[in-house]
file data_24.pdb (PDB, C-alpha atoms)
ATOM      1  CA  MET A1047     -12.603  12.664  14.798
ATOM      2  CA  LYS A1048      -9.155  14.224  15.290
ATOM      3  CA  HIS A1049      -6.019  12.834  13.657
ATOM      4  CA  ALA A1050      -4.481  11.757  16.990
ATOM      5  CA  GLU A1051      -7.717  10.086  18.126
ATOM      6  CA  VAL A1052      -7.910   8.012  14.942
ATOM      7  CA  LYS A1053      -4.274   6.985  15.270
ATOM      8  CA  ASN A1054      -4.827   5.988  18.901
ATOM      9  CA  ARG A1055      -7.903   3.967  17.933
ATOM     10  CA  ILE A1056      -5.862   2.100  15.324
ATOM     11  CA  ILE A1057      -3.076   1.412  17.831
ATOM     12  CA  GLU A1058      -5.482   0.265  20.539
ATOM     13  CA  THR A1059      -7.371  -1.963  18.115
ATOM     14  CA  ALA A1060      -4.203  -3.473  16.673
ATOM     15  CA  SER A1061      -2.794  -3.948  20.169
ATOM     16  CA  PHE A1062      -5.849  -5.872  21.287
ATOM     17  CA  LEU A1063      -5.829  -8.050  18.154
ATOM     18  CA  PHE A1064      -2.059  -8.669  18.005
ATOM     19  CA  TYR A1065      -1.951  -9.581  21.697
ATOM     20  CA  LYS A1066      -5.036 -11.796  21.551
ATOM     21  CA  ASN A1067      -4.554 -13.482  18.163
ATOM     22  CA  GLY A1068      -0.904 -12.931  17.316
ATOM     23  CA  TYR A1069       0.858 -10.710  14.813
ATOM     24  CA  ASN A1070       0.696 -13.139  11.882
ATOM     25  CA  SER A1071      -2.920 -14.119  12.526
ATOM     26  CA  THR A1072      -4.113 -10.514  12.512
ATOM     27  CA  GLY A1073      -4.611  -8.963   9.105
ATOM     28  CA  ILE A1074      -4.760  -5.336   8.078
ATOM     29  CA  ASN A1075      -8.391  -5.767   6.988
ATOM     30  CA  GLN A1076      -9.313  -7.063  10.443
ATOM     31  CA  ILE A1077      -7.707  -4.026  12.088
ATOM     32  CA  ILE A1078      -9.577  -1.732   9.681
ATOM     33  CA  ALA A1079     -12.908  -3.465  10.356
ATOM     34  CA  GLU A1080     -12.472  -3.540  14.142
ATOM     35  CA  ALA A1081     -11.332   0.093  14.267
ATOM     36  CA  GLY A1082     -14.238   1.149  12.043
ATOM     37  CA  ILE A1083     -12.075   3.087   9.615
ATOM     38  CA  ALA A1084     -11.340   3.110   5.901
ATOM     39  CA  LYS A1085      -8.225   1.490   4.453
ATOM     40  CA  ALA A1086      -6.989   4.901   3.286
ATOM     41  CA  THR A1087      -7.316   6.211   6.840
ATOM     42  CA  LEU A1088      -5.110   3.421   8.178
ATOM     43  CA  TYR A1089      -2.466   4.090   5.531
ATOM     44  CA  ASN A1090      -2.586   7.831   6.288
ATOM     45  CA  HIS A1091      -1.305   6.936   9.750
ATOM     46  CA  PHE A1092       0.867   3.865   9.105
ATOM     47  CA  LYS A1093       2.782   2.838   5.992
ATOM     48  CA  SER A1094       2.874  -0.874   6.832
ATOM     49  CA  LYS A1095       1.820  -3.593   9.220
ATOM     50  CA  GLU A1096       5.347  -3.448  10.621
ATOM     51  CA  GLU A1097       4.819   0.210  11.600
ATOM     52  CA  ILE A1098       1.575  -0.757  13.315
ATOM     53  CA  CYS A1099       3.442  -3.528  15.125
ATOM     54  CA  LEU A1100       6.046  -1.067  16.400
ATOM     55  CA  ALA A1101       3.284   1.236  17.651
ATOM     56  CA  TYR A1102       1.631  -1.767  19.356
ATOM     57  CA  LEU A1103       4.857  -2.785  21.082
ATOM     58  CA  LYS A1104       5.458   0.765  22.302
ATOM     59  CA  PHE A1105       1.836   1.159  23.436
ATOM     60  CA  LYS A1106       1.925  -2.066  25.456
ATOM     61  CA  ASN A1107       5.317  -1.259  26.941
ATOM     62  CA  ILE A1108       4.498   2.295  28.033
ATOM     63  CA  ASN A1109       1.348   1.160  29.806
ATOM     64  CA  PHE A1110       3.113  -1.830  31.364
ATOM     65  CA  LEU A1111       6.091   0.154  32.675
ATOM     66  CA  THR A1112       3.887   2.911  34.084
ATOM     67  CA  ASP A1113       1.698   0.408  35.940
ATOM     68  CA  PHE A1114       4.716  -1.677  37.019
ATOM     69  CA  GLN A1115       6.594   1.276  38.486
ATOM     70  CA  SER A1116       3.511   2.660  40.256
ATOM     71  CA  PHE A1117       2.771  -0.738  41.757
ATOM     72  CA  THR A1118       6.281  -1.532  42.979
ATOM     73  CA  GLN A1119       6.895   1.981  44.332
ATOM     74  CA  SER A1120       3.661   1.820  46.316
ATOM     75  CA  ARG A1121       5.166  -0.919  48.446
ATOM     76  CA  LYS A1122       7.264  -0.490  51.567
ATOM     77  CA  LYS A1123      10.880   0.381  50.755
ATOM     78  CA  GLY A1124      13.232  -2.572  50.951
ATOM     79  CA  LYS A1125      12.783  -6.139  49.832
ATOM     80  CA  ASP A1126       9.004  -5.670  49.656
ATOM     81  CA  GLN A1127       9.437  -3.382  46.636
ATOM     82  CA  ILE A1128      11.485  -6.042  44.855
ATOM     83  CA  LEU A1129       9.092  -8.870  45.700
ATOM     84  CA  ALA A1130       6.229  -6.664  44.501
ATOM     85  CA  ILE A1131       7.495  -7.476  40.997
ATOM     86  CA  PHE A1132       5.876 -10.895  41.348
ATOM     87  CA  ASP A1133       2.747  -9.565  43.038
ATOM     88  CA  PHE A1134       2.339  -7.281  40.037
ATOM     89  CA  LEU A1135       2.800 -10.238  37.706
ATOM     90  CA  LYS A1136       0.184 -12.216  39.605
ATOM     91  CA  LEU A1137      -2.330  -9.383  39.065
ATOM     92  CA  PHE A1138      -1.307  -9.216  35.399
ATOM     93  CA  TYR A1139      -1.845 -12.985  35.121
ATOM     94  CA  GLN A1140      -5.283 -12.743  36.740
ATOM     95  CA  ASP A1141      -6.464 -10.228  34.134
ATOM     96  CA  LYS A1142      -9.049 -11.870  31.888
ATOM     97  CA  ASP A1143      -7.079 -10.845  28.802
ATOM     98  CA  PHE A1144      -3.698 -12.232  29.963
ATOM     99  CA  ASN A1145      -1.986 -13.907  27.027
ATOM    100  CA  GLY A1146       1.661 -14.035  28.056
ATOM    101  CA  CYS A1147       4.388 -11.621  27.024
ATOM    102  CA  TRP A1148       3.561  -9.498  23.972
ATOM    103  CA  CYS A1149       7.248  -9.184  23.136
ATOM    104  CA  ILE A1150       7.979 -12.911  23.161
ATOM    105  CA  LYS A1151       4.790 -13.622  21.215
ATOM    106  CA  THR A1152       5.779 -11.089  18.570
ATOM    107  CA  VAL A1153       9.440 -12.040  18.263
ATOM    108  CA  SER A1154       8.427 -15.668  17.794
ATOM    109  CA  GLU A1155       6.312 -14.667  14.781
ATOM    110  CA  ILE A1156       8.654 -12.366  12.910
ATOM    111  CA  PRO A1157      11.416 -13.453  10.539
ATOM    112  CA  LYS A1158      14.833 -13.649  12.164
ATOM    113  CA  ASP A1159      16.127 -10.874   9.919
ATOM    114  CA  ASN A1160      13.473  -8.333  10.980
ATOM    115  CA  GLU A1161      15.888  -6.172  12.920
ATOM    116  CA  ILE A1162      13.484  -3.258  13.344
ATOM    117  CA  ILE A1163      10.973  -5.167  15.449
ATOM    118  CA  ARG A1164      13.649  -7.304  17.138
ATOM    119  CA  ASN A1165      15.575  -4.154  18.147
ATOM    120  CA  GLU A1166      12.419  -2.581  19.602
ATOM    121  CA  ILE A1167      11.751  -5.706  21.662
ATOM    122  CA  GLN A1168      15.357  -5.898  22.874
ATOM    123  CA  SER A1169      15.188  -2.225  23.801
ATOM    124  CA  GLN A1170      12.010  -2.804  25.808
ATOM    125  CA  LYS A1171      13.500  -5.782  27.618
ATOM    126  CA  ASN A1172      16.670  -3.805  28.402
ATOM    127  CA  SER A1173      14.547  -0.948  29.770
ATOM    128  CA  PHE A1174      12.751  -3.424  32.004
ATOM    129  CA  ILE A1175      16.088  -4.767  33.280
ATOM    130  CA  ASP A1176      17.125  -1.152  33.984
ATOM    131  CA  ILE A1177      13.979  -0.609  36.063
ATOM    132  CA  ILE A1178      14.636  -3.794  38.017
ATOM    133  CA  THR A1179      18.244  -2.633  38.493
ATOM    134  CA  GLN A1180      16.999   0.631  39.987
ATOM    135  CA  LEU A1181      14.710  -1.298  42.336
ATOM    136  CA  VAL A1182      17.611  -3.473  43.475
ATOM    137  CA  LYS A1183      19.979  -0.509  43.798
ATOM    138  CA  HIS A1184      17.529   1.484  45.939
ATOM    139  CA  ASN A1185      16.253  -1.391  48.065
ATOM    140  CA  ILE A1186      19.197  -3.662  48.872
ATOM    141  CA  GLU A1187      22.124  -2.316  50.827
ATOM    142  CA  GLY A1188      25.688  -3.524  50.912
ATOM    143  CA  ILE A1189      26.126  -4.819  47.367
ATOM    144  CA  ASN A1190      28.408  -3.424  44.697
ATOM    145  CA  GLY A1191      27.541  -2.434  41.122
ATOM    146  CA  GLU A1192      28.464  -5.798  39.627
ATOM    147  CA  GLN A1193      26.328  -7.605  42.210
ATOM    148  CA  VAL A1194      23.427  -5.237  41.542
ATOM    149  CA  ASN A1195      23.607  -5.951  37.801
ATOM    150  CA  SER A1196      23.842  -9.713  38.277
ATOM    151  CA  LEU A1197      21.004  -9.807  40.813
ATOM    152  CA  SER A1198      18.830  -7.645  38.562
ATOM    153  CA  ARG A1199      19.335  -9.984  35.611
ATOM    154  CA  GLN A1200      18.526 -12.988  37.810
ATOM    155  CA  ILE A1201      15.288 -11.363  38.961
ATOM    156  CA  TYR A1202      14.478 -10.463  35.353
ATOM    157  CA  LEU A1203      14.965 -14.101  34.307
ATOM    158  CA  LEU A1204      12.724 -15.288  37.138
ATOM    159  CA  TYR A1205      10.058 -12.810  36.080
ATOM    160  CA  GLU A1206      10.246 -13.691  32.390
ATOM    161  CA  SER A1207      10.135 -17.433  33.027
ATOM    162  CA  ALA A1208       7.166 -16.938  35.354
ATOM    163  CA  VAL A1209       5.316 -15.030  32.596
ATOM    164  CA  GLY A1210       5.920 -17.758  30.028
ATOM    165  CA  GLU A1211       5.253 -20.710  32.287
ATOM    166  CA  SER A1212       2.117 -19.262  33.881
ATOM    167  CA  HIS A1213       0.796 -18.670  30.367
ATOM    168  CA  LEU A1214       1.747 -22.180  29.268
ATOM    169  CA  HIS A1215       0.302 -23.952  32.319
ATOM    170  CA  GLN A1216      -2.621 -21.550  32.745
ATOM    171  CA  GLN A1217      -1.857 -21.508  36.462
ATOM    172  CA  ASP A1218      -0.119 -19.067  38.775
ATOM    173  CA  TRP A1219       2.242 -21.529  40.481
ATOM    174  CA  PRO A1220       5.212 -20.408  38.317
ATOM    175  CA  ILE A1221       4.724 -16.875  39.649
ATOM    176  CA  ILE A1222       4.468 -18.065  43.246
ATOM    177  CA  GLU A1223       7.570 -20.255  42.931
ATOM    178  CA  SER A1224       9.549 -17.508  41.181
ATOM    179  CA  LYS A1225       8.722 -15.148  44.031
ATOM    180  CA  LYS A1226       9.992 -17.741  46.513
ATOM    181  CA  LEU A1227      13.236 -18.084  44.549
ATOM    182  CA  CYS A1228      13.560 -14.311  44.462
ATOM    183  CA  GLU A1229      13.126 -14.155  48.247
ATOM    184  CA  LYS A1230      16.053 -16.575  48.580
ATOM    185  CA  ILE A1231      18.399 -14.676  46.284
ATOM    186  CA  ILE A1232      17.738 -11.281  47.894
ATOM    187  CA  ALA A1233      17.927 -12.582  51.492
TER     188      ALA A1233
END

call {"tool": "encode", "arguments": {"input": "data_24.pdb", "output": "structure tokens"}}
result
Amino acid sequence: MKHAEVKNRIIETASFLFYKNGYNSTGINQIIAEAGIAKATLYNHFKSKEEICLAYLKFKNINFLTDFQSFTQSRKKGKDQILAIFDFLKLFYQDKDFNGCWCIKTVSEIPKDNEIIRNEIQSQKNSFIDIITQLVKHNIEGINGEQVNSLSRQIYLLYESAVGESHLHQQDWPIIESKKLCEKIIA
């Protein structure tokens, strides 16, 4: 198997395990066993569990953002594209493997002084806010830059709370109610 294929298998395996079981509950030996590789092979690709975690976070984020942007842009221009944020989340929630936000799960498990992972998560969240900002900017007319930024952060907070609460309650009502609140603030 090629070098890149092995690395991708490790990342995919670790991503599944970290997201399902948590970062702290997933050991290196479990990743090795599930990926069907030798310990030396893992360490040829990653120097530490932290490096694997960073690859996991990036892997999840790239796939999420690609799917998110495709989904929202497939909707009719205007408020429908913004509200599609919550329709996307509802589909994400309905996935059999839904286990909340991988970033929040991970940041809750790392030591406060782990700036490397914390910075990656903050970067991902800021990128998501930027994407929401672009949606607002291109789909709502008559608001200035400061209003765009404020509205984007409000929508982001609605989305993030809907992720956490739908995971906590194991129901989709937080997503539905967040969409209704979003409809009110973009009216």

call {"tool": "closest_residue", "arguments": {"input": "data_24.pdb", "among": "A:Ile1074, A:Leu1103, A:Ile1162, A:Leu1181", "to": "Lys1122 in chain A", "atoms": "all atoms listed in the file"}}
result
A:Leu1181

call {"tool": "closest_residue", "arguments": {"input": "data_24.pdb", "among": "A:Ala1233, A:Ala1060, A:Leu1100, A:Ala1208", "to": "Glu1161 in chain A", "atoms": "all atoms listed in the file"}}
result
A:Leu1100

call {"tool": "closest_residue", "arguments": {"input": "data_24.pdb", "among": "A:Gly1146, A:Trp1219, A:Leu1214, A:Asn1165", "to": "Lys1066 in chain A", "atoms": "only C-alpha atoms"}}
result
A:Gly1146

call {"tool": "atom_distance", "arguments": {"input": "data_24.pdb", "atom1": "CA of Ile1077 in chain A", "atom2": "CA of Ile1056 in chain A"}}
result
7.2 Å

call {"tool": "residues_around", "arguments": {"input": "data_24.pdb", "residues": "Ser1212 in chain A", "least_positions_apart": "4", "cutoff": "10 Å", "atoms": "all atoms listed in the file", "output": "list in words"}}
result
Leu1135, Lys1136, Tyr1139, Phe1144, Asn1145, Gly1146, Glu1206, Ser1207, Ala1208, Gln1216, Gln1217, Asp1218, Trp1219, Pro1220, Ile1221 and Ile1222 of chain A

call {"tool": "write_last_selection", "arguments": {"input": "data_24.pdb", "atoms": "C-alpha atoms", "output": "PDB file, keeping the file's coordinate frame"}}
result
ATOM      1  CA  LEU A1135       2.800 -10.238  37.706  1.00  0.00           C
ATOM      2  CA  LYS A1136       0.184 -12.216  39.605  1.00  0.00           C
ATOM      3  CA  TYR A1139      -1.845 -12.985  35.121  1.00  0.00           C
ATOM      4  CA  PHE A1144      -3.698 -12.232  29.963  1.00  0.00           C
ATOM      5  CA  ASN A1145      -1.986 -13.907  27.027  1.00  0.00           C
ATOM      6  CA  GLY A1146       1.661 -14.035  28.056  1.00  0.00           C
ATOM      7  CA  GLU A1206      10.246 -13.691  32.390  1.00  0.00           C
ATOM      8  CA  SER A1207      10.135 -17.433  33.027  1.00  0.00           C
ATOM      9  CA  ALA A1208       7.166 -16.938  35.354  1.00  0.00           C
ATOM     10  CA  GLN A1216      -2.621 -21.550  32.745  1.00  0.00           C
ATOM     11  CA  GLN A1217      -1.857 -21.508  36.462  1.00  0.00           C
ATOM     12  CA  ASP A1218      -0.119 -19.067  38.775  1.00  0.00           C
ATOM     13  CA  TRP A1219       2.242 -21.529  40.481  1.00  0.00           C
ATOM     14  CA  PRO A1220       5.212 -20.408  38.317  1.00  0.00           C
ATOM     15  CA  ILE A1221       4.724 -16.875  39.649  1.00  0.00           C
ATOM     16  CA  ILE A1222       4.468 -18.065  43.246  1.00  0.00           C
TER      17      ILE A1222
END

call {"tool": "resolve_selection", "arguments": {"input": "data_24.pdb", "expression": "the PyMOL selection byres ((chain A and resi 1149) around 12)", "output": "MDAnalysis selection string"}}
result
chainID A and resid 1061 1064:1065 1068:1069 1099:1100 1102:1107 1110 1145:1148 1150:1156 1163:1171 1174 1206 1209:1210

call {"tool": "closest_residue", "arguments": {"input": "data_24.pdb", "among": "A:Thr1112, A:Thr1072, A:Ile1232, A:Lys1226", "to": "Gln1193 in chain A", "atoms": "only C-alpha atoms"}}
result
A:Ile1232

call {"tool": "atom_distance", "arguments": {"input": "data_24.pdb", "atom1": "CA of Glu1187 in chain A", "atom2": "CA of Ile1201 in chain A"}}
result
16.4 Å

call {"tool": "closest_residue", "arguments": {"input": "data_24.pdb", "among": "A:Gln1076, A:Ile1128, A:Gln1200, A:Asn1090", "to": "Val1052 in chain A", "atoms": "all atoms listed in the file"}}
result
A:Asn1090

call {"tool": "resolve_selection", "arguments": {"input": "data_24.pdb", "expression": "the PyMOL selection byres ((chain A and resi 1180) around 12)", "output": "PyMOL selection string"}}
result
chain A and resi 1115+1118-1119+1127-1128+1173-1179+1181-1186+1191+1194-1195+1197-1199
